[in-house]
>>> print(open('query_18.csv').read())   # CSV, C-alpha atoms (C1' of nucleotides)
chain,number,residue,atom,x,y,z
A,1,MET,CA,0.0,0.0,0.0
A,2,LEU,CA,1.1,3.5,-0.8
A,3,ASP,CA,1.7,5.9,2.0
A,4,PRO,CA,-1.6,7.5,2.9
A,5,ILE,CA,-0.1,10.9,3.3
A,6,GLU,CA,1.5,10.8,-0.1
A,7,SER,CA,-1.7,9.5,-1.6
A,8,LEU,CA,-3.7,12.4,-0.2
A,9,ARG,CA,-1.1,15.0,-1.1
A,10,GLY,CA,-0.9,13.6,-4.6
A,11,ARG,CA,-4.6,14.4,-5.2
A,12,GLY,CA,-4.4,17.8,-3.6
A,13,LEU,CA,-6.4,16.7,-0.6
A,14,SER,CA,-6.0,18.0,2.9
A,15,VAL,CA,-4.2,15.6,5.1
A,16,THR,CA,-6.2,14.9,8.2
A,17,ALA,CA,-5.9,12.2,10.9
A,18,GLN,CA,-9.3,11.0,10.0
A,19,ARG,CA,-8.6,10.5,6.4
A,20,ILE,CA,-5.3,8.8,7.0
A,21,ALA,CA,-7.0,6.4,9.5
A,22,VAL,CA,-9.8,5.7,7.1
A,23,LEU,CA,-7.4,4.9,4.3
A,24,ARG,CA,-5.5,2.6,6.5
A,25,ALA,CA,-8.7,0.9,7.7
A,26,VAL,CA,-9.9,0.4,4.1
A,27,SER,CA,-6.5,-1.2,3.3
A,28,GLY,CA,-6.7,-3.4,6.4
A,29,ARG,CA,-10.2,-4.7,5.8
A,30,PRO,CA,-11.1,-5.0,2.2
A,31,HIS,CA,-14.9,-4.9,1.5
A,32,GLY,CA,-15.7,-3.4,4.9
A,33,THR,CA,-18.8,-1.3,5.4
A,34,ALA,CA,-18.7,2.3,6.7
A,35,ASP,CA,-19.6,0.9,10.1
A,36,ASP,CA,-16.9,-1.7,10.1
A,37,LEU,CA,-14.3,0.8,9.0
A,38,ALA,CA,-15.5,3.3,11.7
A,39,GLU,CA,-14.8,0.7,14.3
A,40,ASP,CA,-11.3,0.0,12.9
A,41,VAL,CA,-10.6,3.7,12.8
A,42,ARG,CA,-11.7,4.1,16.4
A,43,ARG,CA,-9.3,1.4,17.4
A,44,GLU,CA,-6.5,3.3,15.7
A,45,ILE,CA,-7.2,6.9,16.6
A,46,GLY,CA,-9.7,6.6,19.5
A,47,THR,CA,-12.6,8.5,18.1
A,48,ILE,CA,-14.2,9.6,14.9
A,49,SER,CA,-17.7,10.8,14.0
A,50,ARG,CA,-19.9,8.9,11.7
A,51,GLN,CA,-20.1,11.9,9.4
A,52,ALA,CA,-16.3,12.1,9.1
A,53,VAL,CA,-16.2,8.5,8.1
A,54,TYR,CA,-18.8,9.0,5.4
A,55,ASN,CA,-17.1,12.3,4.3
A,56,ALA,CA,-13.7,10.6,4.0
A,57,LEU,CA,-15.0,7.6,2.2
A,58,GLY,CA,-16.9,9.8,-0.2
A,59,THR,CA,-14.0,12.1,-0.9
A,60,LEU,CA,-11.5,9.3,-1.2
A,61,ALA,CA,-13.7,7.4,-3.6
A,62,ALA,CA,-14.4,10.5,-5.6
A,63,HIS,CA,-10.6,11.0,-6.1
A,64,GLY,CA,-10.0,7.4,-7.0
A,65,LEU,CA,-8.0,6.4,-3.9
A,66,ILE,CA,-10.6,3.8,-3.0
A,67,ARG,CA,-13.5,2.1,-4.7
A,68,ARG,CA,-17.1,1.9,-3.5
A,69,ILE,CA,-19.1,-1.2,-4.1
A,70,GLN,CA,-22.8,-1.5,-3.5
A,71,PRO,CA,-24.0,-5.0,-3.5
A,72,SER,CA,-27.7,-5.8,-3.4
A,73,GLY,CA,-29.1,-6.0,0.1
A,74,SER,CA,-26.1,-4.7,2.0
A,75,ALA,CA,-24.5,-1.4,3.0
A,76,ALA,CA,-21.9,0.0,0.7
A,77,ARG,CA,-18.4,-1.5,0.9
A,78,TYR,CA,-15.0,-0.1,0.2
A,79,GLU,CA,-11.7,-1.4,-1.0
A,80,ASP,CA,-8.4,0.1,-1.9
A,81,ARG,CA,-7.7,-2.0,-4.9
A,82,VAL,CA,-8.2,0.5,-7.6
A,83,GLY,CA,-7.0,0.8,-11.2
A,84,ASP,CA,-7.2,-2.9,-12.0
A,85,ASP,CA,-10.3,-4.5,-13.4
A,86,HIS,CA,-11.0,-7.1,-10.8
A,87,GLN,CA,-14.5,-7.9,-9.9
A,88,HIS,CA,-16.5,-9.3,-7.0
A,89,LEU,CA,-18.0,-12.6,-6.0
A,90,VAL,CA,-20.7,-12.4,-3.4
A,91,CYS,CA,-22.2,-15.2,-1.4
A,92,ARG,CA,-26.0,-15.1,-1.4
A,93,SER,CA,-26.2,-16.9,1.8
A,94,CYS,CA,-23.7,-15.2,4.1
A,95,GLY,CA,-22.9,-12.0,2.2
A,96,GLU,CA,-19.2,-12.6,2.2
A,97,MET,CA,-17.4,-10.9,-0.7
A,98,VAL,CA,-14.2,-11.9,-2.4
A,99,ASP,CA,-12.1,-10.5,-5.3
A,100,VAL,CA,-12.0,-12.3,-8.6
A,101,ASP,CA,-9.7,-11.6,-11.4
A,102,CYS,CA,-11.2,-11.9,-14.8
A,103,ALA,CA,-9.4,-13.8,-17.5
A,104,PRO,CA,-7.0,-11.3,-19.0
A,105,GLY,CA,-8.2,-9.9,-22.3
A,106,GLU,CA,-11.7,-10.9,-21.8
A,107,THR,CA,-13.2,-7.6,-21.0
A,108,PRO,CA,-16.9,-8.3,-20.3
A,109,CYS,CA,-19.0,-7.4,-23.2
A,110,LEU,CA,-18.1,-3.7,-23.4
A,111,ASN,CA,-19.5,-3.6,-26.8
A,112,VAL,CA,-23.2,-3.4,-26.1
A,113,VAL,CA,-25.4,-3.8,-29.1
A,114,ASP,CA,-27.1,-0.5,-28.5
A,115,ASP,CA,-25.7,2.1,-26.1
A,116,ALA,CA,-28.9,4.2,-26.2
A,117,GLY,CA,-26.7,7.3,-26.7
A,118,TYR,CA,-25.0,6.8,-23.4
A,119,GLU,CA,-21.3,7.5,-22.9
A,120,ILE,CA,-20.3,4.4,-21.0
A,121,ASP,CA,-17.3,4.6,-18.8
A,122,GLU,CA,-17.4,1.5,-16.6
A,123,ALA,CA,-18.7,-2.0,-16.7
A,124,GLU,CA,-19.3,-3.3,-13.2
A,125,VAL,CA,-19.6,-7.0,-12.7
A,126,VAL,CA,-20.9,-8.8,-9.7
A,127,TYR,CA,-20.9,-12.6,-9.6
A,128,TRP,CA,-23.5,-14.2,-7.3
A,129,GLY,CA,-23.2,-17.6,-5.9
A,130,THR,CA,-22.6,-19.6,-2.7
A,131,CYS,CA,-19.3,-19.6,-0.8
A,132,PRO,CA,-17.5,-22.9,0.2
A,133,LYS,CA,-18.5,-22.5,3.8
A,134,CYS,CA,-22.2,-22.2,3.0
A,135,LEU,CA,-22.0,-25.0,0.5
A,136,LYS,CA,-20.6,-27.3,3.2
A,137,ALA,CA,-23.2,-26.2,5.7
A,138,ARG,CA,-26.0,-27.6,3.6
B,1,MET,CA,-47.0,-9.5,-20.8
B,2,LEU,CA,-48.4,-12.7,-19.4
B,3,ASP,CA,-51.7,-12.6,-17.5
B,4,PRO,CA,-50.8,-11.7,-13.9
B,5,ILE,CA,-53.3,-14.2,-12.5
B,6,GLU,CA,-51.9,-17.0,-14.6
B,7,SER,CA,-48.4,-16.1,-13.6
B,8,LEU,CA,-49.3,-16.3,-10.0
B,9,ARG,CA,-51.2,-19.5,-10.3
B,10,GLY,CA,-48.4,-21.0,-12.3
B,11,ARG,CA,-46.1,-20.6,-9.4
B,12,GLY,CA,-48.6,-21.8,-6.8
B,13,LEU,CA,-48.9,-18.3,-5.3
B,14,SER,CA,-52.1,-17.0,-3.9
B,15,VAL,CA,-53.8,-14.5,-6.2
B,16,THR,CA,-54.5,-11.3,-4.4
B,17,ALA,CA,-55.6,-7.9,-5.7
B,18,GLN,CA,-52.3,-6.4,-4.4
B,19,ARG,CA,-50.1,-8.9,-6.1
B,20,ILE,CA,-51.9,-8.5,-9.4
B,21,ALA,CA,-51.7,-4.7,-9.2
B,22,VAL,CA,-48.0,-4.8,-8.3
B,23,LEU,CA,-47.2,-7.1,-11.2
B,24,ARG,CA,-49.1,-4.8,-13.5
B,25,ALA,CA,-47.3,-1.8,-12.1
B,26,VAL,CA,-43.9,-3.4,-12.6
B,27,SER,CA,-44.8,-4.2,-16.2
B,28,GLY,CA,-46.0,-0.6,-16.8
B,29,ARG,CA,-43.0,1.1,-15.3
B,30,PRO,CA,-39.8,-0.8,-15.8
B,31,HIS,CA,-37.0,0.0,-13.3
B,32,GLY,CA,-39.5,1.6,-10.8
B,33,THR,CA,-38.6,1.8,-7.1
B,34,ALA,CA,-41.0,0.3,-4.5
B,35,ASP,CA,-42.3,3.8,-3.9
B,36,ASP,CA,-42.9,4.5,-7.6
B,37,LEU,CA,-44.7,1.2,-7.9
B,38,ALA,CA,-46.8,1.8,-4.8
B,39,GLU,CA,-48.0,5.1,-6.3
B,40,ASP,CA,-49.0,3.3,-9.5
B,41,VAL,CA,-50.8,0.6,-7.6
B,42,ARG,CA,-52.7,3.2,-5.6
B,43,ARG,CA,-53.8,4.7,-8.9
B,44,GLU,CA,-55.1,1.4,-10.0
B,45,ILE,CA,-56.7,-0.1,-6.9
B,46,GLY,CA,-57.0,2.9,-4.6
B,47,THR,CA,-54.9,1.8,-1.6
B,48,ILE,CA,-52.2,-0.5,-0.6
B,49,SER,CA,-49.9,-0.6,2.4
B,50,ARG,CA,-46.2,-0.1,2.0
B,51,GLN,CA,-45.6,-3.4,3.6
B,52,ALA,CA,-47.8,-5.2,1.1
B,53,VAL,CA,-45.8,-3.7,-1.8
B,54,TYR,CA,-42.6,-4.9,-0.3
B,55,ASN,CA,-44.0,-8.3,0.4
B,56,ALA,CA,-45.4,-8.7,-3.1
B,57,LEU,CA,-42.1,-7.5,-4.7
B,58,GLY,CA,-40.1,-9.8,-2.5
B,59,THR,CA,-42.3,-12.8,-3.2
B,60,LEU,CA,-42.6,-12.1,-6.9
B,61,ALA,CA,-38.8,-11.7,-7.2
B,62,ALA,CA,-38.2,-14.9,-5.1
B,63,HIS,CA,-40.4,-16.8,-7.6
B,64,GLY,CA,-38.8,-15.4,-10.7
B,65,LEU,CA,-41.8,-13.4,-11.9
B,66,ILE,CA,-39.9,-10.1,-11.6
B,67,ARG,CA,-36.3,-9.1,-11.1
B,68,ARG,CA,-34.8,-6.9,-8.5
B,69,ILE,CA,-31.9,-4.6,-9.4
B,70,GLN,CA,-30.0,-2.6,-6.8
B,71,PRO,CA,-27.9,0.1,-8.3
B,72,SER,CA,-25.3,2.0,-6.3
B,73,GLY,CA,-26.8,4.9,-4.5
B,74,SER,CA,-30.5,4.3,-5.2
B,75,ALA,CA,-33.4,2.3,-3.9
B,76,ALA,CA,-33.9,-1.1,-5.3
B,77,ARG,CA,-35.7,-1.2,-8.7
B,78,TYR,CA,-37.9,-3.9,-10.3
B,79,GLU,CA,-38.6,-5.1,-13.8
B,80,ASP,CA,-40.6,-7.8,-15.4
B,81,ARG,CA,-38.1,-8.7,-18.1
B,82,VAL,CA,-36.8,-12.0,-16.7
B,83,GLY,CA,-35.3,-15.0,-18.3
B,84,ASP,CA,-33.2,-13.1,-20.8
B,85,ASP,CA,-29.7,-12.0,-20.1
B,86,HIS,CA,-30.1,-8.3,-20.7
B,87,GLN,CA,-28.2,-5.9,-18.5
B,88,HIS,CA,-28.5,-2.3,-17.3
B,89,LEU,CA,-27.0,1.0,-18.2
B,90,VAL,CA,-27.2,3.7,-15.5
B,91,CYS,CA,-26.7,7.4,-15.8
B,92,ARG,CA,-24.3,8.7,-13.1
B,93,SER,CA,-25.8,12.1,-13.4
B,94,CYS,CA,-29.6,11.6,-13.3
B,95,GLY,CA,-29.9,8.0,-12.3
B,96,GLU,CA,-32.0,7.0,-15.3
B,97,MET,CA,-31.7,3.3,-16.1
B,98,VAL,CA,-32.2,1.6,-19.5
B,99,ASP,CA,-31.9,-1.9,-20.7
B,100,VAL,CA,-29.1,-3.0,-22.9
B,101,ASP,CA,-28.7,-6.3,-24.7
B,102,CYS,CA,-25.3,-7.8,-24.7
B,103,ALA,CA,-23.8,-8.9,-28.0
B,104,PRO,CA,-25.1,-12.4,-28.3
B,105,GLY,CA,-22.6,-15.1,-27.5
B,106,GLU,CA,-20.4,-12.8,-25.6
B,107,THR,CA,-21.4,-13.9,-22.1
B,108,PRO,CA,-19.3,-11.6,-19.8
B,109,CYS,CA,-16.3,-13.4,-18.5
B,110,LEU,CA,-18.2,-16.2,-16.8
B,111,ASN,CA,-14.9,-18.1,-16.6
B,112,VAL,CA,-13.2,-16.4,-13.7
B,113,VAL,CA,-9.6,-17.3,-13.2
B,114,ASP,CA,-10.2,-18.5,-9.6
B,115,ASP,CA,-13.7,-19.0,-8.3
B,116,ALA,CA,-12.4,-19.3,-4.7
B,117,GLY,CA,-14.6,-22.4,-4.3
B,118,TYR,CA,-17.8,-20.6,-4.9
B,119,GLU,CA,-20.6,-22.0,-6.9
B,120,ILE,CA,-21.4,-19.1,-9.2
B,121,ASP,CA,-25.0,-18.9,-10.5
B,122,GLU,CA,-25.2,-15.4,-11.9
B,123,ALA,CA,-23.1,-12.7,-13.4
B,124,GLU,CA,-24.7,-9.3,-12.9
B,125,VAL,CA,-23.4,-6.4,-15.1
B,126,VAL,CA,-24.1,-2.7,-14.6
B,127,TYR,CA,-22.8,-0.2,-17.1
B,128,TRP,CA,-22.1,3.2,-15.8
B,129,GLY,CA,-22.1,6.3,-17.9
B,130,THR,CA,-23.9,9.5,-18.9
B,131,CYS,CA,-27.2,9.6,-20.6
B,132,PRO,CA,-27.8,11.6,-23.8
B,133,LYS,CA,-29.9,14.2,-22.0
B,134,CYS,CA,-27.2,14.8,-19.4
B,135,LEU,CA,-24.5,14.9,-22.0
B,136,LYS,CA,-26.3,17.7,-23.8
B,137,ALA,CA,-26.9,19.6,-20.6
B,138,ARG,CA,-23.2,20.1,-20.2
C,1,DT,C1',-70.1,-22.3,3.2
C,2,DC,C1',-66.5,-22.9,6.5
C,3,DC,C1',-61.8,-23.5,8.1
C,4,DA,C1',-56.8,-23.3,8.1
C,5,DG,C1',-53.1,-21.1,6.4
C,6,DA,C1',-51.5,-17.2,3.7
C,7,DA,C1',-51.4,-12.4,2.9
C,8,DA,C1',-52.5,-7.5,4.1
C,9,DT,C1',-52.8,-3.8,7.4
C,10,DT,C1',-51.1,-1.0,11.0
C,11,DG,C1',-47.7,1.1,13.7
C,12,DA,C1',-43.3,0.9,15.3
C,13,DA,C1',-38.4,0.4,14.5
C,14,DA,C1',-33.8,-0.7,12.4
C,15,DT,C1',-30.4,0.6,9.1
C,16,DA,C1',-27.9,3.4,6.0
C,17,DA,C1',-26.9,7.6,4.7
C,18,DT,C1',-27.3,12.7,4.5
C,19,DC,C1',-28.1,17.6,6.0
C,20,DA,C1',-27.0,21.9,8.5
C,21,DA,C1',-24.8,24.7,11.9
C,22,DA,C1',-21.1,25.4,14.9
C,23,DA,C1',-16.4,24.2,16.3
C,24,DT,C1',-11.9,22.8,15.0
C,25,DA,C1',-8.0,21.9,12.2
C,26,DA,C1',-5.1,22.3,7.9
C,27,DT,C1',-3.0,25.0,4.3
C,28,DG,C1',-0.8,29.0,2.3
C,29,DC,C1',1.2,33.3,2.9
C,30,DT,C1',4.1,36.8,5.3
D,1,DA,C1',6.4,30.7,13.6
D,2,DG,C1',2.0,33.3,13.4
D,3,DC,C1',-2.3,34.4,11.1
D,4,DA,C1',-6.1,34.5,8.0
D,5,DT,C1',-8.7,31.7,4.9
D,6,DT,C1',-10.6,27.6,3.7
D,7,DA,C1',-11.6,23.0,4.3
D,8,DT,C1',-12.9,19.4,7.5
D,9,DT,C1',-14.9,17.5,11.6
D,10,DT,C1',-18.2,17.3,15.1
D,11,DT,C1',-22.8,17.3,16.8
D,12,DG,C1',-27.5,16.4,16.5
D,13,DA,C1',-31.3,16.0,13.9
D,14,DT,C1',-33.4,14.1,9.7
D,15,DT,C1',-34.5,11.5,5.6
D,16,DA,C1',-35.1,7.3,2.9
D,17,DT,C1',-35.5,2.6,2.5
D,18,DT,C1',-36.7,-1.4,4.3
D,19,DT,C1',-38.0,-4.7,7.9
D,20,DC,C1',-40.4,-6.5,12.2
D,21,DA,C1',-44.4,-7.9,14.9
D,22,DA,C1',-49.2,-8.1,16.1
D,23,DT,C1',-53.7,-8.1,14.4
D,24,DT,C1',-57.1,-8.4,10.9
D,25,DT,C1',-58.6,-9.9,6.5
D,26,DC,C1',-58.6,-12.7,2.6
D,27,DT,C1',-57.7,-17.0,-0.4
D,28,DG,C1',-58.0,-21.7,-1.7
D,29,DG,C1',-59.6,-26.1,-0.7
D,30,DA,C1',-62.7,-29.5,2.1
>>> encode(input="query_18.csv", output="structure tokens")
Amino acid sequence: MLDPIESLRGRGLSVTAQRIAVLRAVSGRPHGTADDLAEDVRREIGTISRQAVYNALGTLAAHGLIRRIQPSGSAARYEDRVGDDHQHLVCRSCGEMVDVDCAPGETPCLNVVDDAGYEIDEAEVVYWGTCPKCLKAR
Amino acid sequence: MLDPIESLRGRGLSVTAQRIAVLRAVSGRPHGTADDLAEDVRREIGTISRQAVYNALGTLAAHGLIRRIQPSGSAARYEDRVGDDHQHLVCRSCGEMVDVDCAPGETPCLNVVDDAGYEIDEAEVVYWGTCPKCLKAR
DNA sequence: TCCAGAAATTGAAATAATCAAAATAATGCT
DNA sequence: AGCATTATTTTGATTATTTCAATTTCTGGA
């Protein structure tokens, strides 16, 4: 992971204890929710307001330092793997989320038949299934 | 659109005025939120409780009569196009959602490099971009 | 028609996220 | 380093979406 302070400076963002801690938390717990991350941050710097967590996550995501994922039926999650085109695999049963790398070169049908005049900038893929643990539990 | 009563019977579901109206509403307003649909239903049958709308949507989705979509940063939406593999295109600016058909035969990388032991049953794709209206408005 | 189970209504509540105003901290300049 | 400006954080309230639980009503089958 890049130094949080450098990362913030690099984007022209103010460097605050909260943002640094949030960045670290996202690194340390990939796919954490805002609530998960707030807990981690509190463990690191003692206290932070909910609002500051949301602000930091929003700002960091807007500047491409982290990525926001919004799976069906769960709070938004955040991760610091950005810039590669990995996707996510979510367990329908327990909600666990893991990264998956797509076969290189096989960009998922970015050529849609009819783009309806939209300017498309991202194709987001979520794979749904059942994780090994939940498969065993049946 | 199939007859709502037949659709319900076909799945062994009780036929209620609320479910029929919800099915019709979903047909008539693709990509509507629960709230949008509740309004439409009220226009048709006068009154329905919020809970009944959610129950109906949940049940219908669970039985494959409708599909639930959960785009980042918006309430869940519903549509009655099921059984084909069309995907969605969402405008980042105004939130509008339209259907897109993928180029036939180009199933989006269903062969992930490492499935982490998951049993994958669905690949959900959301295209993000800017709609023609919002492009013009710039 | 009547009964048992399913679904709807009602009202409260949980969850996730955002808003707004005041207090605090960071940055840039001298 | 000190100070003013601007951005960020805190605080507390608020919205939006969805779910829970108890009661009433309706549906489908005997």
>>> atom_distance(input="query_18.csv", atom1="atom CA of Gln18 of chain B", atom2="atom CA of Leu2 of chain B")
16.7 Å
>>> residues_around(input="query_18.csv", residues="Asp99 of chain A", least_positions_apart="4", cutoff="12 Å", atoms="all atoms listed in the file", output="PyMOL selection string")
(chain A and resi 30-31+69+79-82+84-91+125-127) or (chain B and resi 112-116+118)
>>> atom_distance(input="query_18.csv", atom1="atom C1' of DA7 of chain C", atom2="atom CA of Ala75 of chain B")
24.2 Å
>>> closest_residue(input="query_18.csv", among="C:DG28, C:DA23, C:DA8, C:DA16", to="DT27 of chain D", atoms="all atoms listed in the file")
C:DA8
>>> atom_distance(input="query_18.csv", atom1="atom CA of Arg92 of chain B", atom2="atom CA of Thr130 of chain B")
5.9 Å
>>> interface_residues(input="query_18.csv", of="chain C", to="chain B", cutoff="12 Å", atoms="all atoms listed in the file", output="list in words")
DG5, DA6, DA7, DA8, DT9, DT10, DG11, DA16, DA17 and DT18 of chain C
>>> residues_around(input="query_18.csv", residues="Leu23 of chain B", least_positions_apart="2", cutoff="12 Å", atoms="all atoms listed in the file", output="ChimeraX atom specification")
/B:1-8,15-21,25-30,32,34,37-38,40-41,44,53,56-61,64-67,78-81
>>> closest_residue(input="query_18.csv", among="A:Tyr54, A:Glu39, A:Glu96, A:Arg24", to="chain D", atoms="all atoms listed in the file")
A:Tyr54
>>> closest_residue(input="query_18.csv", among="D:DG29, D:DT15, D:DC3, D:DT9", to="chain A", atoms="only C-alpha atoms (C1' of nucleotides)")
D:DT9
>>> interface_residues(input="query_18.csv", of="chain D", to="chain A", cutoff="9 Å", atoms="only C-alpha atoms (C1' of nucleotides)", output="list of chain:residue names")
D:DA7, D:DT8, D:DT9, D:DT10, D:DT11
>>> residues_around(input="query_18.csv", residues="DA14 of chain C", least_positions_apart="5", cutoff="10 Å", atoms="all atoms listed in the file", output="list in words")
DT18, DT19 and DC20 of chain D
>>> build_atoms(input="query_18.csv", residues="segment 77-97 of chain A", atoms="N, CA and C atoms", output="PDB file, in the coordinates of the input")
ATOM      1  N   ARG A  77     -19.729  -0.970   0.461  1.00  0.00           N
ATOM      2  CA  ARG A  77     -18.400  -1.500   0.900  1.00  0.00           C
ATOM      3  C   ARG A  77     -17.337  -0.757   0.209  1.00  0.00           C
ATOM      4  N   TYR A  78     -16.145  -0.806   0.802  1.00  0.00           N
ATOM      5  CA  TYR A  78     -15.000  -0.100   0.200  1.00  0.00           C
ATOM      6  C   TYR A  78     -13.783  -0.911   0.169  1.00  0.00           C
ATOM      7  N   GLU A  79     -12.947  -0.619  -0.812  1.00  0.00           N
ATOM      8  CA  GLU A  79     -11.700  -1.400  -1.000  1.00  0.00           C
ATOM      9  C   GLU A  79     -10.654  -0.447  -1.560  1.00  0.00           C
ATOM     10  N   ASP A  80      -9.385  -0.793  -1.363  1.00  0.00           N
ATOM     11  CA  ASP A  80      -8.400   0.100  -1.900  1.00  0.00           C
ATOM     12  C   ASP A  80      -7.699  -0.442  -3.147  1.00  0.00           C
ATOM     13  N   ARG A  81      -8.192  -1.559  -3.630  1.00  0.00           N
ATOM     14  CA  ARG A  81      -7.700  -2.000  -4.900  1.00  0.00           C
ATOM     15  C   ARG A  81      -8.365  -1.247  -6.002  1.00  0.00           C
ATOM     16  N   VAL A  82      -7.661  -0.301  -6.557  1.00  0.00           N
ATOM     17  CA  VAL A  82      -8.200   0.500  -7.600  1.00  0.00           C
ATOM     18  C   VAL A  82      -7.311   0.391  -8.851  1.00  0.00           C
ATOM     19  N   GLY A  83      -7.835   0.687  -9.999  1.00  0.00           N
ATOM     20  CA  GLY A  83      -7.000   0.800 -11.200  1.00  0.00           C
ATOM     21  C   GLY A  83      -6.831  -0.569 -11.885  1.00  0.00           C
ATOM     22  N   ASP A  84      -7.147  -1.678 -11.229  1.00  0.00           N
ATOM     23  CA  ASP A  84      -7.200  -2.900 -12.000  1.00  0.00           C
ATOM     24  C   ASP A  84      -8.637  -3.257 -12.227  1.00  0.00           C
ATOM     25  N   ASP A  85      -8.881  -4.248 -13.061  1.00  0.00           N
ATOM     26  CA  ASP A  85     -10.300  -4.500 -13.400  1.00  0.00           C
ATOM     27  C   ASP A  85     -10.833  -5.735 -12.716  1.00  0.00           C
ATOM     28  N   HIS A  86     -10.440  -5.929 -11.471  1.00  0.00           N
ATOM     29  CA  HIS A  86     -11.000  -7.100 -10.800  1.00  0.00           C
ATOM     30  C   HIS A  86     -12.435  -6.896 -10.432  1.00  0.00           C
ATOM     31  N   GLN A  87     -13.111  -7.995 -10.227  1.00  0.00           N
ATOM     32  CA  GLN A  87     -14.500  -7.900  -9.900  1.00  0.00           C
ATOM     33  C   GLN A  87     -14.843  -8.622  -8.625  1.00  0.00           C
ATOM     34  N   HIS A  88     -16.125  -8.763  -8.321  1.00  0.00           N
ATOM     35  CA  HIS A  88     -16.500  -9.300  -7.000  1.00  0.00           C
ATOM     36  C   HIS A  88     -17.438 -10.499  -7.103  1.00  0.00           C
ATOM     37  N   LEU A  89     -17.249 -11.355  -6.128  1.00  0.00           N
ATOM     38  CA  LEU A  89     -18.000 -12.600  -6.000  1.00  0.00           C
ATOM     39  C   LEU A  89     -18.670 -12.486  -4.641  1.00  0.00           C
ATOM     40  N   VAL A  90     -19.999 -12.556  -4.624  1.00  0.00           N
ATOM     41  CA  VAL A  90     -20.700 -12.400  -3.400  1.00  0.00           C
ATOM     42  C   VAL A  90     -21.536 -13.636  -3.056  1.00  0.00           C
ATOM     43  N   CYS A  91     -21.469 -14.050  -1.792  1.00  0.00           N
ATOM     44  CA  CYS A  91     -22.200 -15.200  -1.400  1.00  0.00           C
ATOM     45  C   CYS A  91     -23.664 -14.789  -1.034  1.00  0.00           C
ATOM     46  N   ARG A  92     -24.624 -15.436  -1.676  1.00  0.00           N
ATOM     47  CA  ARG A  92     -26.000 -15.100  -1.400  1.00  0.00           C
ATOM     48  C   ARG A  92     -26.453 -15.465  -0.032  1.00  0.00           C
ATOM     49  N   SER A  93     -25.742 -16.403   0.536  1.00  0.00           N
ATOM     50  CA  SER A  93     -26.200 -16.900   1.800  1.00  0.00           C
ATOM     51  C   SER A  93     -25.616 -16.131   3.004  1.00  0.00           C
ATOM     52  N   CYS A  94     -24.307 -15.851   2.984  1.00  0.00           N
ATOM     53  CA  CYS A  94     -23.700 -15.200   4.100  1.00  0.00           C
ATOM     54  C   CYS A  94     -23.261 -13.755   3.814  1.00  0.00           C
ATOM     55  N   GLY A  95     -23.285 -13.365   2.541  1.00  0.00           N
ATOM     56  CA  GLY A  95     -22.900 -12.000   2.200  1.00  0.00           C
ATOM     57  C   GLY A  95     -21.427 -11.770   2.044  1.00  0.00           C
ATOM     58  N   GLU A  96     -20.627 -12.775   2.305  1.00  0.00           N
ATOM     59  CA  GLU A  96     -19.200 -12.600   2.200  1.00  0.00           C
ATOM     60  C   GLU A  96     -18.830 -12.199   0.730  1.00  0.00           C
ATOM     61  N   MET A  97     -17.807 -11.369   0.620  1.00  0.00           N
ATOM     62  CA  MET A  97     -17.400 -10.900  -0.700  1.00  0.00           C
ATOM     63  C   MET A  97     -15.922 -11.139  -0.906  1.00  0.00           C
TER      64      MET A  97
END
